[in-house]
Amino acid sequence: MTRLLLVEDEERLARSLVIGLRDEDYVVDHARDGEEGMWYAEAGHHDAILLDLRLPKMDGLELCKHLRSNGSLIPILMLTACDTTQDIITGLDLGADDYLTKPFEFTELLARLRAILRRGTTSRSARLCLANLELEAKTRRVWRDGKEITLSNMEFRVLEHLMQHAGTVQSKNRICAAVWDDDLGPESNVLEVLISHLRRKIDRDFDAPLLHTRRGAGYLLASMES
């Protein structure tokens with residue numbers, strides 16, 4: 001049985017989600033604040049966490065940051081009333097796997113939950129290389145010219161997709177479908193912000209740019225402009 005941890009202080013919403021998820025045959029534990037959520041999460045018994053960002057005692061961002069800094073790889077789906085791009089990017093940069101802005105449809109929550117659960121159980125061992133850029137999927141590490149580059153979870157996922165399709169222009173829709181699964185990519189400019197972060201990290205301190213924009217078409221990872 002798949003065991004979930006729901007960390008949500010809004011009682012009416014939490015009750016509805018617990019009932020709905022249990023009807024879908026998930027085992028659900030419910031924490032009502034960040035500290036209780038931390039207590040549950042540190043036990044390591046769950047397959048995924050549904051995490052509200054606005055919580056008493058410890059907010060969701062702090063909880064997410066704590067789990068990732070302590071090596072936890074458990075998939076995290078953020079539930080947030082904050083729909084600004086920077087709020088979303090902050091959560092993703094701290095290690096969340098995906099997000100939903102409130103209010104949301106229960107069917108979309110189920111789709112996103114299935115997606116992060118699939119990613120959490122996928123075995124990956126490939127090492128991808130382009131020029132002097134290297135990516136190791138299993139350990140989620142990236143190097144350029146031998147220098148290790150620290151990426152957020154979502155930045156890594158976008159780069160991995162581009163490296164898997166190096167030399168081919170990837171449209172925004174195609175990247176979103178691959179990174180967020182099931183064509184449920186964000187409607188905001190989250191992807192553009194992630195691309196900007198990637199370009200700064202993998203290109204700015206090096207002579208030859210690898211990440212290129214094809215206006216009206218998408219993005220291209222290549223060792224030279226073509």
# chains A, B, ... in the order shown; residues from 1 in each chain; ligands from 1

call {"tool": "select_by_dssp", "arguments": {"residues": "segment 83-206 of chain A", "states": "strand (DSSP E)", "output": "count of residues only"}}
result
19

call {"tool": "closest_atom_pairs", "arguments": {"of": "segment 71-170 of chain A", "to": "segment 37-43 of chain A", "cutoff": "12 Å", "atoms": "only C-alpha atoms", "output": "tab-separated table"}}
result
residue	atom	partner	partner_atom	distance
A:Gly71	CA	A:Glu42	CA	10.7
A:Ser72	CA	A:Glu42	CA	8.6
A:Leu73	CA	A:Ala41	CA	11.1
A:Ile74	CA	A:Ala41	CA	8.9
A:Pro75	CA	A:Ala41	CA	11.3
A:Ile76	CA	A:Ala41	CA	10.8

call {"tool": "closest_residue", "arguments": {"among": "A:Lys102, A:Lys201, A:His66, A:Arg12", "to": "Asp52 of chain A", "atoms": "only C-alpha atoms"}}
result
A:Lys102

call {"tool": "closest_residue", "arguments": {"among": "A:Ala131, A:Gly20, A:Leu5, A:Leu13", "to": "Leu77 of chain A", "atoms": "only C-alpha atoms"}}
result
A:Leu5

call {"tool": "residues_around", "arguments": {"residues": "Asn153 of chain A", "least_positions_apart": "4", "cutoff": "10 Å", "atoms": "only C-alpha atoms", "output": "MDAnalysis selection string"}}
result
chainID A and resid 92:98 140 157:158

call {"tool": "write_last_selection", "arguments": {"atoms": "C-alpha atoms", "output": "CSV table (one decimal), in the first residue's frame"}}
result
chain,number,residue,atom,x,y,z
A,92,LEU,CA,11.0,24.0,-6.0
A,93,ASP,CA,14.5,25.3,-5.4
A,94,LEU,CA,14.3,24.0,-1.8
A,95,GLY,CA,13.5,20.5,-3.1
A,96,ALA,CA,9.8,20.1,-3.7
A,97,ASP,CA,9.0,18.0,-6.8
A,98,ASP,CA,5.8,19.7,-7.9
A,140,ARG,CA,21.7,13.9,-9.4
A,157,ARG,CA,15.1,17.8,-14.2
A,158,VAL,CA,14.9,20.4,-17.0

call {"tool": "closest_residue", "arguments": {"among": "A:Glu10, A:Tyr99, A:Arg199, A:Gly34", "to": "Leu67 of chain A", "atoms": "only C-alpha atoms"}}
result
A:Gly34

call {"tool": "residues_around", "arguments": {"residues": "Ala31 of chain A", "least_positions_apart": "3", "cutoff": "7 Å", "atoms": "only C-alpha atoms", "output": "number ranges by chain"}}
result
A: 6-8, 36-37

call {"tool": "residues_around", "arguments": {"residues": "Glu24 of chain A", "least_positions_apart": "5", "cutoff": "10 Å", "atoms": "only C-alpha atoms", "output": "list in words"}}
result
Val18, Ile19 and Leu110 of chain A

call {"tool": "write_last_selection", "arguments": {"atoms": "N, CA, C and O atoms", "output": "mmCIF file, in the first residue's frame"}}
result
data_model
loop_
_atom_site.group_PDB
_atom_site.id
_atom_site.type_symbol
_atom_site.label_atom_id
_atom_site.label_comp_id
_atom_site.auth_asym_id
_atom_site.auth_seq_id
_atom_site.Cartn_x
_atom_site.Cartn_y
_atom_site.Cartn_z
ATOM 1 N N VAL A 18 -8.141 13.666 3.005
ATOM 2 C CA VAL A 18 -7.925 12.368 3.646
ATOM 3 C C VAL A 18 -8.983 11.363 3.184
ATOM 4 O O VAL A 18 -8.670 10.227 2.815
ATOM 5 N N ILE A 19 -10.242 11.791 3.176
ATOM 6 C CA ILE A 19 -11.324 10.896 2.747
ATOM 7 C C ILE A 19 -11.138 10.497 1.279
ATOM 8 O O ILE A 19 -11.226 9.321 0.904
ATOM 9 N N LEU A 110 -4.548 14.067 -7.894
ATOM 10 C CA LEU A 110 -4.260 12.643 -8.087
ATOM 11 C C LEU A 110 -3.268 12.439 -9.233
ATOM 12 O O LEU A 110 -2.354 11.611 -9.131
#

call {"tool": "closest_residue", "arguments": {"among": "A:Cys129, A:Leu55, A:Ala111, A:Leu211", "to": "Arg144 of chain A", "atoms": "only C-alpha atoms"}}
result
A:Cys129

call {"tool": "closest_residue", "arguments": {"among": "A:Pro103, A:Pro209, A:Gly218, A:Gly44", "to": "Cys176 of chain A", "atoms": "only C-alpha atoms"}}
result
A:Gly218

call {"tool": "residues_around", "arguments": {"residues": "segment 159-162 of chain A", "least_positions_apart": "5", "cutoff": "8 Å", "atoms": "only C-alpha atoms", "output": "number ranges by chain"}}
result
A: 135, 137, 170, 175, 178-179, 198, 220-221

call {"tool": "atom_distance", "arguments": {"atom1": "atom CA of Leu194 of chain A", "atom2": "atom CA of Met154 of chain A"}}
result
7.5 Å

call {"tool": "closest_residue", "arguments": {"among": "A:Gly60, A:Ala208, A:Phe156, A:Thr85", "to": "Glu192 of chain A", "atoms": "only C-alpha atoms"}}
result
A:Thr85

call {"tool": "atom_distance", "arguments": {"atom1": "atom CA of Ile49 of chain A", "atom2": "atom CA of Val28 of chain A"}}
result
9.7 Å

call {"tool": "atom_distance", "arguments": {"atom1": "atom CA of Asp9 of chain A", "atom2": "atom CA of Arg54 of chain A"}}
result
8.3 Å

call {"tool": "select_by_dssp", "arguments": {"residues": "segment 105-222 of chain A", "states": "alpha helix (DSSP H)", "output": "number ranges by chain"}}
result
A: 106-121, 153-164, 172-180, 190-202

call {"tool": "write_last_selection", "arguments": {"atoms": "C-alpha atoms", "output": "mmCIF file, in the first residue's frame"}}
result
data_model
loop_
_atom_site.group_PDB
_atom_site.id
_atom_site.type_symbol
_atom_site.label_atom_id
_atom_site.label_comp_id
_atom_site.auth_asym_id
_atom_site.auth_seq_id
_atom_site.Cartn_x
_atom_site.Cartn_y
_atom_site.Cartn_z
ATOM 1 C CA PHE A 106 -8.941 16.629 -6.753
ATOM 2 C CA THR A 107 -8.403 14.848 -10.075
ATOM 3 C CA GLU A 108 -5.409 17.084 -10.813
ATOM 4 C CA LEU A 109 -3.957 16.375 -7.376
ATOM 5 C CA LEU A 110 -4.260 12.643 -8.087
ATOM 6 C CA ALA A 111 -2.532 13.060 -11.470
ATOM 7 C CA ARG A 112 0.353 15.035 -10.007
ATOM 8 C CA LEU A 113 0.645 12.594 -7.126
ATOM 9 C CA ARG A 114 0.894 9.647 -9.529
ATOM 10 C CA ALA A 115 3.572 11.545 -11.464
ATOM 11 C CA ILE A 116 5.850 12.232 -8.489
ATOM 12 C CA LEU A 117 5.379 8.684 -7.222
ATOM 13 C CA ARG A 118 6.488 7.341 -10.618
ATOM 14 C CA ARG A 119 9.547 9.555 -10.605
ATOM 15 C CA GLY A 120 10.370 8.524 -7.061
ATOM 16 C CA THR A 121 10.486 4.844 -7.973
ATOM 17 C CA ASN A 153 15.525 19.582 -8.117
ATOM 18 C CA MET A 154 13.547 21.214 -10.935
ATOM 19 C CA GLU A 155 16.608 22.743 -12.591
ATOM 20 C CA PHE A 156 18.164 19.274 -12.666
ATOM 21 C CA ARG A 157 15.055 17.769 -14.237
ATOM 22 C CA VAL A 158 14.926 20.398 -16.988
ATOM 23 C CA LEU A 159 18.645 19.994 -17.732
ATOM 24 C CA GLU A 160 18.355 16.204 -17.789
ATOM 25 C CA HIS A 161 15.588 16.420 -20.393
ATOM 26 C CA LEU A 162 17.573 18.853 -22.543
ATOM 27 C CA MET A 163 20.681 16.642 -22.349
ATOM 28 C CA GLN A 164 18.665 13.584 -23.315
ATOM 29 C CA LYS A 172 8.114 24.744 -23.916
ATOM 30 C CA ASN A 173 5.153 22.357 -24.042
ATOM 31 C CA ARG A 174 7.378 19.358 -24.640
ATOM 32 C CA ILE A 175 9.694 20.251 -21.762
ATOM 33 C CA CYS A 176 6.766 20.851 -19.415
ATOM 34 C CA ALA A 177 5.147 17.545 -20.370
ATOM 35 C CA ALA A 178 8.420 15.704 -19.687
ATOM 36 C CA VAL A 179 9.305 17.484 -16.471
ATOM 37 C CA TRP A 180 5.865 17.770 -14.889
ATOM 38 C CA VAL A 190 8.100 29.037 -14.126
ATOM 39 C CA LEU A 191 9.903 27.273 -16.970
ATOM 40 C CA GLU A 192 11.427 30.522 -18.223
ATOM 41 C CA VAL A 193 12.727 31.265 -14.733
ATOM 42 C CA LEU A 194 14.229 27.773 -14.467
ATOM 43 C CA ILE A 195 15.902 28.185 -17.872
ATOM 44 C CA SER A 196 17.322 31.530 -16.741
ATOM 45 C CA HIS A 197 18.724 29.919 -13.581
ATOM 46 C CA LEU A 198 20.222 27.065 -15.618
ATOM 47 C CA ARG A 199 21.838 29.425 -18.106
ATOM 48 C CA ARG A 200 23.443 31.362 -15.268
ATOM 49 C CA LYS A 201 24.762 28.223 -13.605
ATOM 50 C CA ILE A 202 26.028 26.189 -16.562
#

call {"tool": "decode", "arguments": {"residues": "segment 61-74 of chain A", "atoms": "all heavy atoms", "output": "compact mmCIF listing (two decimals), in the first residue's frame"}}
result
# COMPACT_ATOMS: atom_id res chain seq x y z
N LEU A 61 8.04 25.55 3.73
CA LEU A 61 9.34 25.75 3.10
C LEU A 61 10.47 25.31 4.02
O LEU A 61 11.43 24.66 3.60
CB LEU A 61 9.52 27.22 2.71
CG LEU A 61 8.62 27.73 1.59
CD1 LEU A 61 8.85 29.23 1.37
CD2 LEU A 61 8.86 26.97 0.30
N GLU A 62 10.34 25.65 5.30
CA GLU A 62 11.36 25.26 6.27
C GLU A 62 11.40 23.75 6.42
O GLU A 62 12.47 23.14 6.51
CB GLU A 62 11.08 25.93 7.61
CG GLU A 62 12.18 25.69 8.65
CD GLU A 62 11.92 26.40 9.97
OE1 GLU A 62 10.95 27.18 10.04
OE2 GLU A 62 12.69 26.15 10.92
N LEU A 63 10.22 23.12 6.45
CA LEU A 63 10.16 21.67 6.56
C LEU A 63 10.79 21.00 5.36
O LEU A 63 11.57 20.05 5.48
CB LEU A 63 8.70 21.23 6.71
CG LEU A 63 8.40 19.73 6.72
CD1 LEU A 63 9.24 19.00 7.74
CD2 LEU A 63 6.91 19.50 6.99
N CYS A 64 10.47 21.50 4.16
CA CYS A 64 11.04 20.94 2.94
C CYS A 64 12.56 21.09 2.93
O CYS A 64 13.29 20.14 2.62
CB CYS A 64 10.44 21.66 1.73
SG CYS A 64 11.01 21.05 0.14
N LYS A 65 13.04 22.27 3.30
CA LYS A 65 14.48 22.52 3.34
C LYS A 65 15.18 21.59 4.32
O LYS A 65 16.25 21.03 4.03
CB LYS A 65 14.75 23.98 3.73
CG LYS A 65 16.21 24.35 3.76
CD LYS A 65 16.37 25.82 4.12
CE LYS A 65 17.84 26.22 4.17
NZ LYS A 65 17.99 27.66 4.53
N HIS A 66 14.58 21.39 5.49
CA HIS A 66 15.16 20.51 6.50
C HIS A 66 15.27 19.07 5.98
O HIS A 66 16.32 18.42 6.14
CB HIS A 66 14.32 20.54 7.77
CG HIS A 66 14.83 19.64 8.85
ND1 HIS A 66 15.78 20.03 9.77
CD2 HIS A 66 14.53 18.35 9.15
CE1 HIS A 66 16.04 19.03 10.59
NE2 HIS A 66 15.30 17.99 10.24
N LEU A 67 14.21 18.57 5.35
CA LEU A 67 14.22 17.20 4.86
C LEU A 67 15.30 17.02 3.79
O LEU A 67 16.05 16.03 3.82
CB LEU A 67 12.85 16.84 4.29
CG LEU A 67 11.72 16.69 5.31
CD1 LEU A 67 10.39 16.48 4.60
CD2 LEU A 67 12.00 15.54 6.27
N ARG A 68 15.38 17.95 2.85
CA ARG A 68 16.37 17.81 1.77
C ARG A 68 17.80 17.95 2.29
O ARG A 68 18.71 17.24 1.84
CB ARG A 68 16.10 18.83 0.67
CG ARG A 68 14.79 18.60 -0.08
CD ARG A 68 14.75 17.24 -0.74
NE ARG A 68 13.58 17.08 -1.61
CZ ARG A 68 12.68 16.12 -1.48
NH1 ARG A 68 12.81 15.21 -0.52
NH2 ARG A 68 11.66 16.03 -2.30
N SER A 69 18.01 18.86 3.23
CA SER A 69 19.37 19.04 3.76
C SER A 69 19.82 17.84 4.57
O SER A 69 21.02 17.63 4.77
CB SER A 69 19.44 20.30 4.63
OG SER A 69 18.62 20.18 5.78
N ASN A 70 18.88 17.02 5.02
CA ASN A 70 19.22 15.81 5.75
C ASN A 70 19.17 14.56 4.86
O ASN A 70 19.18 13.44 5.36
CB ASN A 70 18.28 15.63 6.95
CG ASN A 70 18.65 16.54 8.10
OD1 ASN A 70 19.52 16.23 8.91
ND2 ASN A 70 18.00 17.69 8.17
N GLY A 71 19.13 14.77 3.55
CA GLY A 71 19.27 13.67 2.61
C GLY A 71 18.00 12.95 2.23
O GLY A 71 18.05 11.95 1.50
N SER A 72 16.83 13.44 2.67
CA SER A 72 15.59 12.76 2.32
C SER A 72 15.26 12.99 0.85
O SER A 72 15.30 14.11 0.35
CB SER A 72 14.43 13.29 3.18
OG SER A 72 13.20 12.73 2.74
N LEU A 73 14.92 11.91 0.14
CA LEU A 73 14.56 11.99 -1.27
C LEU A 73 13.07 11.77 -1.49
O LEU A 73 12.61 11.62 -2.62
CB LEU A 73 15.35 10.95 -2.08
CG LEU A 73 16.87 11.10 -2.07
CD1 LEU A 73 17.52 9.96 -2.84
CD2 LEU A 73 17.29 12.44 -2.65
N ILE A 74 12.29 11.73 -0.41
CA ILE A 74 10.86 11.48 -0.53
C ILE A 74 10.21 12.53 -1.43
O ILE A 74 10.46 13.72 -1.28
CB ILE A 74 10.19 11.46 0.86
CG1 ILE A 74 8.70 11.10 0.74
CG2 ILE A 74 10.36 12.78 1.57
CD1 ILE A 74 8.04 10.85 2.08
